[in-house]
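Encoded as structure tokens, the structure appears first; notes follow it.
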Amino acid sequence: FPLSKVWVSTVNFLIGLALLFPILFFLKINFSLNIFWLPLIVVLQLLFNIVYSSIAAFVGVFFKDLKNIITFSVRLLLYLSPVLYDVASIPEKLYKPYMILNPFAGLFTSYKNVLVHGESPSIYLLSLVIYVLIGFFVMFWANGKGNLYVKYL
């Protein structure tokens with residue numbers, strides 16, 4: 001069930017992304033060859049969603065309040081992420097820890113760089129890769145213990 005929700009959300013996201021391109025053309029955004037990074041960024045986001053929704057689905061069986069905790073945590077991470085503000089407004093001494101500890105910061109910055117600025121993705125997208133690898137390790141470790149079912153991955 002969690003994977004079906006991830007796939008439905010991914011299809012909705014891709015439709016929204018397709019609708020974004022005419023708006024970017026209307027705003028006269030200059031696209032560069034860095035647009036070819038976009039599929040990689042989308043796949044990384046999809047993997048992140050699959051891994052952590054699978055872990056949350058498993059843990060949610062044992063902790064009924066996990067849904068509320070996740071909703072609050074994701075909302076907090078969204079407000080702490082560079083969606084409505086630029087990462088340049090973050091103080092320099094907090095910039096690096098902020099970008100490493102917040103998985104959404106590198107993701108959103110990479111989307112902005114590729115789609116709007118015509119630049120390559122943020123180097124901090126690698127922190128998202130590390131979070132995905134940690135999540136896969138947890139999934140397969142738990143599966144080896146017979147606790148987490150990951151047959152369809």
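Chain labels follow the order of the structure tokens: the first chain is A, the next B, and so on; residue numbering restarts at 1 in every chain, and ligands are counted from 1 in their shown order.
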
As a PyMOL selection string, please: the residues near region 123-130 of chain A (cut-off 6 Å, only C-alpha atoms, same-chain neighbours under 5 positions excluded). chain A and resi 100+103+106-107

Just want the 10 Å neighbourhood of Thr109 (chain A), counted on only C-alpha atoms, with same-chain residues fewer than 6 positions away dropped. Output as a list of chain:residue names. A:Ser81, A:Pro82, A:Val83, A:Asp86, A:Val87, A:Met99, A:Leu115, A:Pro121, A:Ser122, A:Ile123, A:Tyr124, A:Leu125

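Proximity ranking of A:Ser110, A:Ser4, A:Thr71, A:Asn102 relative to Leu40 (chain A) places A:Ser110 first, based on only C-alpha atoms.
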
If you count only C-alpha atoms, the residue of A:Val8, A:Ile29, A:Leu24, A:Ile69 closest to His117 (chain A) turns out to be A:Ile29

Could you give me, as a PyMOL selection string, the residues within 8 Å of Thr10 (chain A), counting only C-alpha atoms and dropping anything in the same chain fewer than 4 positions from it? chain A and resi 6+14+46

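Remark: for Lys5 (chain A), the closest of the candidate residues A:Lys28, A:Ile41, A:Ala57, A:Asn34 is A:Ala57 (distances computed over only C-alpha atoms).
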
Which residues are near Leu84 (chain A)? Cut-off 12 Å, only C-alpha atoms, ignore same chain within fewer than 3 positions. Put them as JSON, numbers by chain. {"A": [78, 79, 80, 81, 87, 89, 105, 108, 109, 112]}

Using the selection just defined, write its residues with all heavy atoms as a PDB file, in the first residue's frame.
```
ATOM      1  N   LEU A  78       9.725  21.012   5.562  1.00  0.00           N
ATOM      2  CA  LEU A  78       9.335  21.828   4.413  1.00  0.00           C
ATOM      3  C   LEU A  78       9.496  23.305   4.717  1.00  0.00           C
ATOM      4  O   LEU A  78      10.011  24.067   3.891  1.00  0.00           O
ATOM      5  CB  LEU A  78       7.885  21.517   4.029  1.00  0.00           C
ATOM      6  CG  LEU A  78       7.418  22.033   2.690  1.00  0.00           C
ATOM      7  CD1 LEU A  78       8.205  21.383   1.567  1.00  0.00           C
ATOM      8  CD2 LEU A  78       5.950  21.751   2.511  1.00  0.00           C
ATOM      9  N   TYR A  79       9.105  23.725   5.917  1.00  0.00           N
ATOM     10  CA  TYR A  79       9.268  25.133   6.297  1.00  0.00           C
ATOM     11  C   TYR A  79      10.737  25.505   6.472  1.00  0.00           C
ATOM     12  O   TYR A  79      11.113  26.658   6.277  1.00  0.00           O
ATOM     13  CB  TYR A  79       8.507  25.454   7.582  1.00  0.00           C
ATOM     14  CG  TYR A  79       7.008  25.467   7.404  1.00  0.00           C
ATOM     15  CD1 TYR A  79       6.176  24.901   8.352  1.00  0.00           C
ATOM     16  CD2 TYR A  79       6.417  26.040   6.284  1.00  0.00           C
ATOM     17  CE1 TYR A  79       4.797  24.910   8.196  1.00  0.00           C
ATOM     18  CE2 TYR A  79       5.041  26.042   6.112  1.00  0.00           C
ATOM     19  CZ  TYR A  79       4.246  25.478   7.071  1.00  0.00           C
ATOM     20  OH  TYR A  79       2.898  25.484   6.911  1.00  0.00           O
ATOM     21  N   LEU A  80      11.560  24.539   6.848  1.00  0.00           N
ATOM     22  CA  LEU A  80      12.985  24.795   7.020  1.00  0.00           C
ATOM     23  C   LEU A  80      13.765  24.655   5.713  1.00  0.00           C
ATOM     24  O   LEU A  80      14.967  24.863   5.696  1.00  0.00           O
ATOM     25  CB  LEU A  80      13.572  23.832   8.057  1.00  0.00           C
ATOM     26  CG  LEU A  80      13.120  24.028   9.492  1.00  0.00           C
ATOM     27  CD1 LEU A  80      13.683  22.931  10.383  1.00  0.00           C
ATOM     28  CD2 LEU A  80      13.541  25.398  10.006  1.00  0.00           C
ATOM     29  N   SER A  81      13.084  24.280   4.651  1.00  0.00           N
ATOM     30  CA  SER A  81      13.739  24.071   3.361  1.00  0.00           C
ATOM     31  C   SER A  81      13.581  25.289   2.473  1.00  0.00           C
ATOM     32  O   SER A  81      12.637  26.067   2.633  1.00  0.00           O
ATOM     33  CB  SER A  81      13.151  22.841   2.670  1.00  0.00           C
ATOM     34  OG  SER A  81      13.372  21.698   3.458  1.00  0.00           O
ATOM     35  N   VAL A  87      18.582  30.040  -0.474  1.00  0.00           N
ATOM     36  CA  VAL A  87      19.556  29.509   0.481  1.00  0.00           C
ATOM     37  C   VAL A  87      20.651  30.526   0.796  1.00  0.00           C
ATOM     38  O   VAL A  87      21.359  30.376   1.789  1.00  0.00           O
ATOM     39  CB  VAL A  87      20.200  28.193  -0.013  1.00  0.00           C
ATOM     40  CG1 VAL A  87      19.205  27.073   0.013  1.00  0.00           C
ATOM     41  CG2 VAL A  87      20.813  28.352  -1.363  1.00  0.00           C
ATOM     42  N   SER A  89      20.209  33.313   1.980  1.00  0.00           N
ATOM     43  CA  SER A  89      19.820  34.031   3.190  1.00  0.00           C
ATOM     44  C   SER A  89      20.217  33.300   4.473  1.00  0.00           C
ATOM     45  O   SER A  89      20.058  33.832   5.562  1.00  0.00           O
ATOM     46  CB  SER A  89      18.306  34.286   3.183  1.00  0.00           C
ATOM     47  OG  SER A  89      17.603  33.059   3.226  1.00  0.00           O
ATOM     48  N   ALA A 105      16.694  20.259   1.406  1.00  0.00           N
ATOM     49  CA  ALA A 105      17.395  21.481   1.003  1.00  0.00           C
ATOM     50  C   ALA A 105      18.192  21.266  -0.274  1.00  0.00           C
ATOM     51  O   ALA A 105      18.099  22.055  -1.221  1.00  0.00           O
ATOM     52  CB  ALA A 105      18.300  21.970   2.125  1.00  0.00           C
ATOM     53  N   PHE A 108      15.583  20.622  -3.244  1.00  0.00           N
ATOM     54  CA  PHE A 108      14.904  21.815  -3.758  1.00  0.00           C
ATOM     55  C   PHE A 108      15.872  22.762  -4.448  1.00  0.00           C
ATOM     56  O   PHE A 108      15.547  23.356  -5.476  1.00  0.00           O
ATOM     57  CB  PHE A 108      14.174  22.545  -2.633  1.00  0.00           C
ATOM     58  CG  PHE A 108      13.034  21.766  -2.036  1.00  0.00           C
ATOM     59  CD1 PHE A 108      12.586  22.053  -0.770  1.00  0.00           C
ATOM     60  CD2 PHE A 108      12.418  20.748  -2.727  1.00  0.00           C
ATOM     61  CE1 PHE A 108      11.533  21.347  -0.201  1.00  0.00           C
ATOM     62  CE2 PHE A 108      11.375  20.034  -2.184  1.00  0.00           C
ATOM     63  CZ  PHE A 108      10.927  20.328  -0.912  1.00  0.00           C
ATOM     64  N   THR A 109      17.069  22.889  -3.893  1.00  0.00           N
ATOM     65  CA  THR A 109      18.077  23.737  -4.517  1.00  0.00           C
ATOM     66  C   THR A 109      18.473  23.185  -5.880  1.00  0.00           C
ATOM     67  O   THR A 109      18.659  23.944  -6.832  1.00  0.00           O
ATOM     68  CB  THR A 109      19.308  23.859  -3.603  1.00  0.00           C
ATOM     69  OG1 THR A 109      18.899  24.353  -2.332  1.00  0.00           O
ATOM     70  CG2 THR A 109      20.346  24.790  -4.193  1.00  0.00           C
ATOM     71  N   LYS A 112      15.737  24.024  -8.355  1.00  0.00           N
ATOM     72  CA  LYS A 112      15.832  25.438  -8.742  1.00  0.00           C
ATOM     73  C   LYS A 112      17.003  25.674  -9.680  1.00  0.00           C
ATOM     74  O   LYS A 112      16.880  26.397 -10.671  1.00  0.00           O
ATOM     75  CB  LYS A 112      15.981  26.332  -7.506  1.00  0.00           C
ATOM     76  CG  LYS A 112      14.723  26.552  -6.741  1.00  0.00           C
ATOM     77  CD  LYS A 112      14.999  27.478  -5.560  1.00  0.00           C
ATOM     78  CE  LYS A 112      13.805  27.644  -4.679  1.00  0.00           C
ATOM     79  NZ  LYS A 112      14.078  28.524  -3.535  1.00  0.00           N
TER      80      LYS A 112
END
```

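Minimum atom-to-atom distances from A:Pro2, A:Ile134, A:Val43, A:Phe104 to Phe58 (chain A) were compared using only C-alpha atoms, and the lowest value belongs to A:Pro2.
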
Tell me which of A:Leu3, A:Ala88, A:Leu94, A:Leu133 sits closest to Ala56 (chain A), counting only C-alpha atoms.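 Smallest distance to Ala56 (chain A) is found for A:Leu3.
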
Using DSSP on the backbone, list every residue of chain A that comes out as alpha helix (DSSP H), and give them as a CSV table (one decimal) with C-alpha atoms, in the first residue's frame.
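Saved file result.csv follows:
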```csv
chain,number,residue,atom,x,y,z
A,2,PRO,CA,2.7,2.6,0.7
A,3,LEU,CA,4.2,2.0,-2.7
A,4,SER,CA,0.9,2.6,-4.4
A,5,LYS,CA,0.6,5.9,-2.7
A,6,VAL,CA,4.2,6.8,-3.7
A,7,TRP,CA,3.5,5.9,-7.4
A,8,VAL,CA,0.3,7.9,-7.4
A,9,SER,CA,2.1,10.9,-5.9
A,10,THR,CA,4.9,10.5,-8.4
A,11,VAL,CA,2.5,10.5,-11.3
A,12,ASN,CA,0.8,13.7,-9.9
A,13,PHE,CA,4.3,15.2,-9.5
A,14,LEU,CA,5.3,14.4,-13.0
A,15,ILE,CA,2.0,15.9,-14.3
A,16,GLY,CA,2.7,19.1,-12.3
A,17,LEU,CA,6.3,19.1,-13.6
A,18,ALA,CA,5.0,18.9,-17.2
A,19,LEU,CA,2.7,21.8,-16.6
A,20,LEU,CA,5.5,23.8,-15.2
A,21,PHE,CA,7.4,23.8,-18.5
A,22,PRO,CA,5.0,26.1,-20.3
A,23,ILE,CA,5.1,28.5,-17.4
A,24,LEU,CA,8.9,28.5,-17.5
A,25,PHE,CA,8.7,29.2,-21.3
A,26,PHE,CA,6.3,32.0,-20.7
A,38,LEU,CA,16.2,16.6,-14.1
A,39,PRO,CA,15.5,12.8,-14.6
A,40,LEU,CA,18.2,11.9,-12.1
A,41,ILE,CA,16.8,14.3,-9.5
A,42,VAL,CA,13.3,13.0,-10.0
A,43,VAL,CA,14.6,9.4,-9.6
A,44,LEU,CA,16.5,10.3,-6.4
A,45,GLN,CA,13.3,11.9,-5.0
A,46,LEU,CA,11.3,8.8,-6.0
A,47,LEU,CA,13.8,6.5,-4.3
A,48,PHE,CA,13.8,8.6,-1.1
A,49,ASN,CA,10.0,8.5,-1.0
A,50,ILE,CA,9.9,4.7,-1.6
A,51,VAL,CA,12.5,3.9,1.0
A,52,TYR,CA,11.2,6.1,3.8
A,53,SER,CA,7.5,5.4,3.1
A,54,SER,CA,8.2,1.7,3.3
A,55,ILE,CA,10.1,2.1,6.6
A,56,ALA,CA,7.3,4.3,8.0
A,57,ALA,CA,4.7,1.8,6.9
A,58,PHE,CA,6.5,-1.0,8.8
A,59,VAL,CA,7.1,1.1,11.9
A,60,GLY,CA,3.6,2.6,11.8
A,66,LEU,CA,3.6,7.8,13.8
A,67,LYS,CA,1.4,9.3,11.1
A,68,ASN,CA,1.0,12.5,13.2
A,69,ILE,CA,4.7,12.6,14.0
A,70,ILE,CA,5.6,12.2,10.3
A,71,THR,CA,3.1,14.8,9.2
A,72,PHE,CA,4.5,17.3,11.7
A,73,SER,CA,8.2,16.4,10.8
A,74,VAL,CA,7.6,16.7,7.1
A,75,ARG,CA,5.8,20.0,7.5
A,76,LEU,CA,8.7,21.3,9.7
A,77,LEU,CA,11.3,20.1,7.2
A,78,LEU,CA,9.3,21.8,4.4
A,79,TYR,CA,9.3,25.1,6.3
A,92,GLU,CA,27.4,31.2,6.3
A,93,LYS,CA,28.4,29.3,9.5
A,94,LEU,CA,25.1,27.4,9.4
A,95,TYR,CA,24.9,26.8,5.7
A,96,LYS,CA,26.9,23.6,5.4
A,97,PRO,CA,25.3,21.8,8.4
A,98,TYR,CA,21.9,23.0,7.2
A,99,MET,CA,22.4,21.6,3.7
A,100,ILE,CA,23.7,18.3,4.9
A,101,LEU,CA,21.2,17.6,7.7
A,103,PRO,CA,17.6,16.2,2.8
A,104,PHE,CA,15.0,18.5,1.2
A,105,ALA,CA,17.4,21.5,1.0
A,106,GLY,CA,19.7,19.9,-1.5
A,107,LEU,CA,16.8,18.5,-3.5
A,108,PHE,CA,14.9,21.8,-3.8
A,109,THR,CA,18.1,23.7,-4.5
A,110,SER,CA,18.9,21.3,-7.3
A,111,TYR,CA,15.4,21.6,-8.8
A,112,LYS,CA,15.8,25.4,-8.7
A,125,LEU,CA,22.1,16.6,-3.5
A,126,LEU,CA,24.7,14.0,-2.5
A,127,SER,CA,23.3,14.2,1.0
A,128,LEU,CA,20.0,13.0,-0.4
A,129,VAL,CA,21.9,10.1,-2.0
A,130,ILE,CA,23.4,9.3,1.4
A,131,TYR,CA,20.0,9.4,3.1
A,132,VAL,CA,18.6,7.0,0.4
A,133,LEU,CA,21.5,4.6,0.9
A,134,ILE,CA,21.1,4.7,4.7
A,135,GLY,CA,17.4,4.0,4.2
A,136,PHE,CA,18.1,1.1,1.8
A,137,PHE,CA,20.6,-0.3,4.4
A,138,VAL,CA,17.9,-0.1,7.1
A,139,MET,CA,15.3,-1.8,4.9
A,140,PHE,CA,17.5,-4.7,3.8
A,141,TRP,CA,18.9,-5.1,7.3
A,142,ALA,CA,15.4,-5.3,8.7
A,143,ASN,CA,14.4,-7.6,5.9
A,144,GLY,CA,17.2,-10.0,6.8
```
